[in-house]
Amino acid sequence: MMDCRVPWQARIKPQLRDVLWAAIAGTLLCAWMVGMAQAPATAAAGGGANAAASAGEKQTAFEVISIRRDKGARAPHFGATADGFQAVDLPMFAIFQMAYAPPNESGMLRGDRIVGAPAWVRGAEGEHYDVVAKVDAAEMADWQRPELRQTMLRTMLQTMLAERCKLVVHHESKERAVYDLVAAKGGPKFKQAETVDITRLKEKYPNGGRVTGGGMAVMSESGTQFYGVTMAWLAQTVLPGVAGRPVVDKTGLTGHYDLALPSSVLMPPPPPGAMQTAGTPSPLSEPSTLPGEGESIFTALPETLGLRLVPAKDQVEMLVIDHVERPTEN
């Protein structure tokens with residue numbers, strides 16, 4: 001299991017901290033998604049700790065949990081471990097994003113789909129936390145099964161937030177600005193996947209990581225190559241984080257594909273409410289190139305993949321926080 005260590009984080013100016021987190025959470029989903037298969041499930045509406053869990057999910061909880069305010073000595077990282085979960089130097093908001101990840105979509109819930117989070121939850125003034133949680137021995141056999149781990153982790157984190165933060169939430173749908181993913185003029189510029197067999201992919205690309213929903217991501221300094229992924233997965237998982245809005249797959253392409261995206265387009269815009277430096281575009285502004293970058297996702301998609309993002313409106317399910325308290329530390 002890889003983790004999302006950010007050794008260069010200490011060199012980032014404090015006002016860019018929220019932008020840094022958005023980059024970690026919104027691009028490749030790193031440790032959270034790599035190595036985890038996604039269990040099919042349907043999100044259920046309603047309040048309480050497990051509002052995002054499906055009715056058939058087994059309600060599990062961590063056996064041991066430690067939550068402490070972070071002292072800033074280590075680089076931010078997070079992910080499932082062999083016997084539980086660890087997060088270092090993260091705002092509680094990030095834990096919310098993991099806990100309430102849409103079961104049938106990506107590994108994390110986009111930040112702009114969470115309503116009612118107080119400033120401290122979002123990490124105001126550097127209020128970040130370290131979390132170490134261990135799975136009960138009776139749950140360990142299921143925990144070791146990749147197809148169950150993400151579902152278990154999601155429900156365990158929800159239970160933890162309900163107990164330690166007194167969290168109460170509900171879901172509601174709102175019309176929001178989205179992007180439709182469609183074919184550009186000339187059509188797609190990527191090819192059908194050579195294989196979707198994860199064993200063969202792992203043999204061919206030993207440095208790659210498995211992504212939710214099947215397929216593999218191979219990361220490098222120049223960009224990321226994806227193997228055996230679907231358009232629905234691309235729209236739900238990678239593109240929202242770098243486009244700044246939810247993305248709806250309207251390509252009509254239903255197969256599995258091999259494609260690549262350059263690193264220059266994988267830095268997302270700041271989340272709503274995050275501190276921004278001069279010249280940084282709002283995520284709700286017109287598509288533009290980020291400062292210091294050679295291109296944006298809006299120019300890269302037509303050029304590299306033969307796809308484009310079209311502004312639209314659609315119903316988006318939102319997570320509404322009704323009540324939350326600072327976690328009890330131990």
# chains A, B, ... in the order shown; residues from 1 in each chain; ligands from 1
>>> select_by_dssp(residues="region 108-230 of chain A", states="strand (DSSP E or B)", output="PyMOL selection string")
chain A and resi 114-115+129-134+168-183+191-192+209-210+216-219+223-229
>>> write_last_selection(atoms="N, CA and C atoms", output="mmCIF file, in the first residue's frame")
data_model
loop_
_atom_site.group_PDB
_atom_site.id
_atom_site.type_symbol
_atom_site.label_atom_id
_atom_site.label_comp_id
_atom_site.auth_asym_id
_atom_site.auth_seq_id
_atom_site.Cartn_x
_atom_site.Cartn_y
_atom_site.Cartn_z
ATOM 1 N N ILE A 114 -19.922 19.033 0.412
ATOM 2 C CA ILE A 114 -20.167 19.013 1.856
ATOM 3 C C ILE A 114 -20.605 20.405 2.285
ATOM 4 N N VAL A 115 -21.747 20.489 2.933
ATOM 5 C CA VAL A 115 -22.334 21.760 3.347
ATOM 6 C C VAL A 115 -22.368 21.838 4.865
ATOM 7 N N TYR A 129 -5.180 17.101 12.425
ATOM 8 C CA TYR A 129 -5.181 16.001 13.380
ATOM 9 C C TYR A 129 -4.401 14.790 12.867
ATOM 10 N N ASP A 130 -3.944 13.998 13.835
ATOM 11 C CA ASP A 130 -3.358 12.687 13.552
ATOM 12 C C ASP A 130 -4.339 11.633 14.058
ATOM 13 N N VAL A 131 -4.602 10.633 13.226
ATOM 14 C CA VAL A 131 -5.537 9.563 13.586
ATOM 15 C C VAL A 131 -4.860 8.223 13.364
ATOM 16 N N VAL A 132 -4.930 7.371 14.373
ATOM 17 C CA VAL A 132 -4.478 5.986 14.245
ATOM 18 C C VAL A 132 -5.614 5.094 14.732
ATOM 19 N N ALA A 133 -6.070 4.192 13.886
ATOM 20 C CA ALA A 133 -7.193 3.317 14.234
ATOM 21 C C ALA A 133 -6.850 1.875 13.895
ATOM 22 N N LYS A 134 -7.268 0.953 14.755
ATOM 23 C CA LYS A 134 -6.973 -0.462 14.573
ATOM 24 C C LYS A 134 -8.265 -1.268 14.444
ATOM 25 N N VAL A 168 -23.641 14.446 13.075
ATOM 26 C CA VAL A 168 -24.949 14.094 12.535
ATOM 27 C C VAL A 168 -25.049 14.736 11.152
ATOM 28 N N VAL A 169 -25.437 13.943 10.151
ATOM 29 C CA VAL A 169 -25.506 14.454 8.780
ATOM 30 C C VAL A 169 -26.781 13.957 8.109
ATOM 31 N N HIS A 170 -27.108 14.574 6.989
ATOM 32 C CA HIS A 170 -28.145 14.045 6.115
ATOM 33 C C HIS A 170 -27.782 14.403 4.678
ATOM 34 N N HIS A 171 -28.467 13.775 3.728
ATOM 35 C CA HIS A 171 -28.220 14.028 2.318
ATOM 36 C C HIS A 171 -29.400 14.777 1.700
ATOM 37 N N GLU A 172 -29.088 15.643 0.751
ATOM 38 C CA GLU A 172 -30.136 16.266 -0.043
ATOM 39 C C GLU A 172 -29.566 16.625 -1.414
ATOM 40 N N SER A 173 -30.418 16.625 -2.422
ATOM 41 C CA SER A 173 -29.979 16.922 -3.787
ATOM 42 C C SER A 173 -30.213 18.396 -4.099
ATOM 43 N N LYS A 174 -29.227 18.986 -4.775
ATOM 44 C CA LYS A 174 -29.332 20.377 -5.186
ATOM 45 C C LYS A 174 -28.846 20.508 -6.619
ATOM 46 N N GLU A 175 -29.440 21.449 -7.344
ATOM 47 C CA GLU A 175 -28.957 21.714 -8.695
ATOM 48 C C GLU A 175 -27.659 22.494 -8.597
ATOM 49 N N ARG A 176 -26.619 21.961 -9.229
ATOM 50 C CA ARG A 176 -25.300 22.578 -9.165
ATOM 51 C C ARG A 176 -24.690 22.669 -10.558
ATOM 52 N N ALA A 177 -23.720 23.555 -10.661
ATOM 53 C CA ALA A 177 -22.950 23.626 -11.897
ATOM 54 C C ALA A 177 -22.078 22.386 -12.021
ATOM 55 N N VAL A 178 -22.109 21.751 -13.174
ATOM 56 C CA VAL A 178 -21.307 20.563 -13.437
ATOM 57 C C VAL A 178 -20.647 20.730 -14.809
ATOM 58 N N TYR A 179 -19.843 19.748 -15.173
ATOM 59 C CA TYR A 179 -19.340 19.644 -16.539
ATOM 60 C C TYR A 179 -19.792 18.308 -17.113
ATOM 61 N N ASP A 180 -20.284 18.342 -18.349
ATOM 62 C CA ASP A 180 -20.544 17.112 -19.092
ATOM 63 C C ASP A 180 -19.273 16.736 -19.846
ATOM 64 N N LEU A 181 -18.869 15.480 -19.719
ATOM 65 C CA LEU A 181 -17.720 14.971 -20.456
ATOM 66 C C LEU A 181 -18.222 14.404 -21.779
ATOM 67 N N VAL A 182 -17.765 14.992 -22.899
ATOM 68 C CA VAL A 182 -18.228 14.570 -24.217
ATOM 69 C C VAL A 182 -17.022 14.408 -25.144
ATOM 70 N N ALA A 183 -17.255 13.788 -26.289
ATOM 71 C CA ALA A 183 -16.192 13.639 -27.281
ATOM 72 C C ALA A 183 -15.945 14.980 -27.967
ATOM 73 N N LYS A 191 -6.923 4.432 -26.827
ATOM 74 C CA LYS A 191 -7.233 3.124 -27.383
ATOM 75 C C LYS A 191 -7.945 2.225 -26.379
ATOM 76 N N GLN A 192 -8.600 1.207 -26.920
ATOM 77 C CA GLN A 192 -9.222 0.178 -26.088
ATOM 78 C C GLN A 192 -8.146 -0.482 -25.238
ATOM 79 N N GLY A 209 -0.308 1.070 -9.358
ATOM 80 C CA GLY A 209 -1.224 0.825 -8.252
ATOM 81 C C GLY A 209 -2.625 0.576 -8.764
ATOM 82 N N ARG A 210 -3.299 -0.348 -8.142
ATOM 83 C CA ARG A 210 -4.673 -0.656 -8.525
ATOM 84 C C ARG A 210 -5.599 0.471 -8.103
ATOM 85 N N MET A 216 -5.510 0.206 -13.467
ATOM 86 C CA MET A 216 -4.246 0.528 -12.815
ATOM 87 C C MET A 216 -3.781 1.920 -13.199
ATOM 88 N N ALA A 217 -3.082 2.577 -12.268
ATOM 89 C CA ALA A 217 -2.469 3.882 -12.506
ATOM 90 C C ALA A 217 -0.970 3.757 -12.297
ATOM 91 N N VAL A 218 -0.203 4.253 -13.252
ATOM 92 C CA VAL A 218 1.255 4.276 -13.151
ATOM 93 C C VAL A 218 1.687 5.731 -13.166
ATOM 94 N N MET A 219 2.190 6.202 -12.028
ATOM 95 C CA MET A 219 2.533 7.607 -11.873
ATOM 96 C C MET A 219 4.001 7.853 -12.155
ATOM 97 N N GLY A 223 3.594 12.557 -15.758
ATOM 98 C CA GLY A 223 2.154 12.374 -15.783
ATOM 99 C C GLY A 223 1.748 11.020 -15.255
ATOM 100 N N THR A 224 0.521 10.637 -15.532
ATOM 101 C CA THR A 224 -0.009 9.358 -15.067
ATOM 102 C C THR A 224 -0.632 8.611 -16.234
ATOM 103 N N GLN A 225 -0.250 7.356 -16.370
ATOM 104 C CA GLN A 225 -0.824 6.466 -17.365
ATOM 105 C C GLN A 225 -1.862 5.590 -16.682
ATOM 106 N N PHE A 226 -3.053 5.561 -17.235
ATOM 107 C CA PHE A 226 -4.126 4.735 -16.699
ATOM 108 C C PHE A 226 -4.369 3.562 -17.642
ATOM 109 N N TYR A 227 -4.540 2.379 -17.076
ATOM 110 C CA TYR A 227 -4.767 1.178 -17.867
ATOM 111 C C TYR A 227 -6.073 0.518 -17.430
ATOM 112 N N GLY A 228 -6.912 0.184 -18.418
ATOM 113 C CA GLY A 228 -8.131 -0.565 -18.137
ATOM 114 C C GLY A 228 -9.174 0.191 -17.351
ATOM 115 N N VAL A 229 -9.284 1.514 -17.569
ATOM 116 C CA VAL A 229 -10.268 2.304 -16.828
ATOM 117 C C VAL A 229 -11.433 2.678 -17.743
#
>>> closest_residue(among="A:Trp120, A:Phe62, A:Phe93, A:Phe85", to="Met160 (chain A)", atoms="only C-alpha atoms")
A:Phe62
>>> residues_around(residues="Leu153 (chain A)", least_positions_apart="4", cutoff="10 Å", atoms="only C-alpha atoms", output="list in words")
Thr60, Ala61, Phe62, Gly79, Ala80, Gly84, Phe85, Met98, Ala99, Val135, Trp143, Leu148, Arg149, Leu157, Gln158 and Thr159 of chain A
>>> select_by_dssp(residues="region 66-309 of chain A", states="helix (DSSP H, G or I)", output="ChimeraX atom specification")
/A:92-99,111-113,124-126,137-143,146-164,198-204,231-243,263-265,297-305
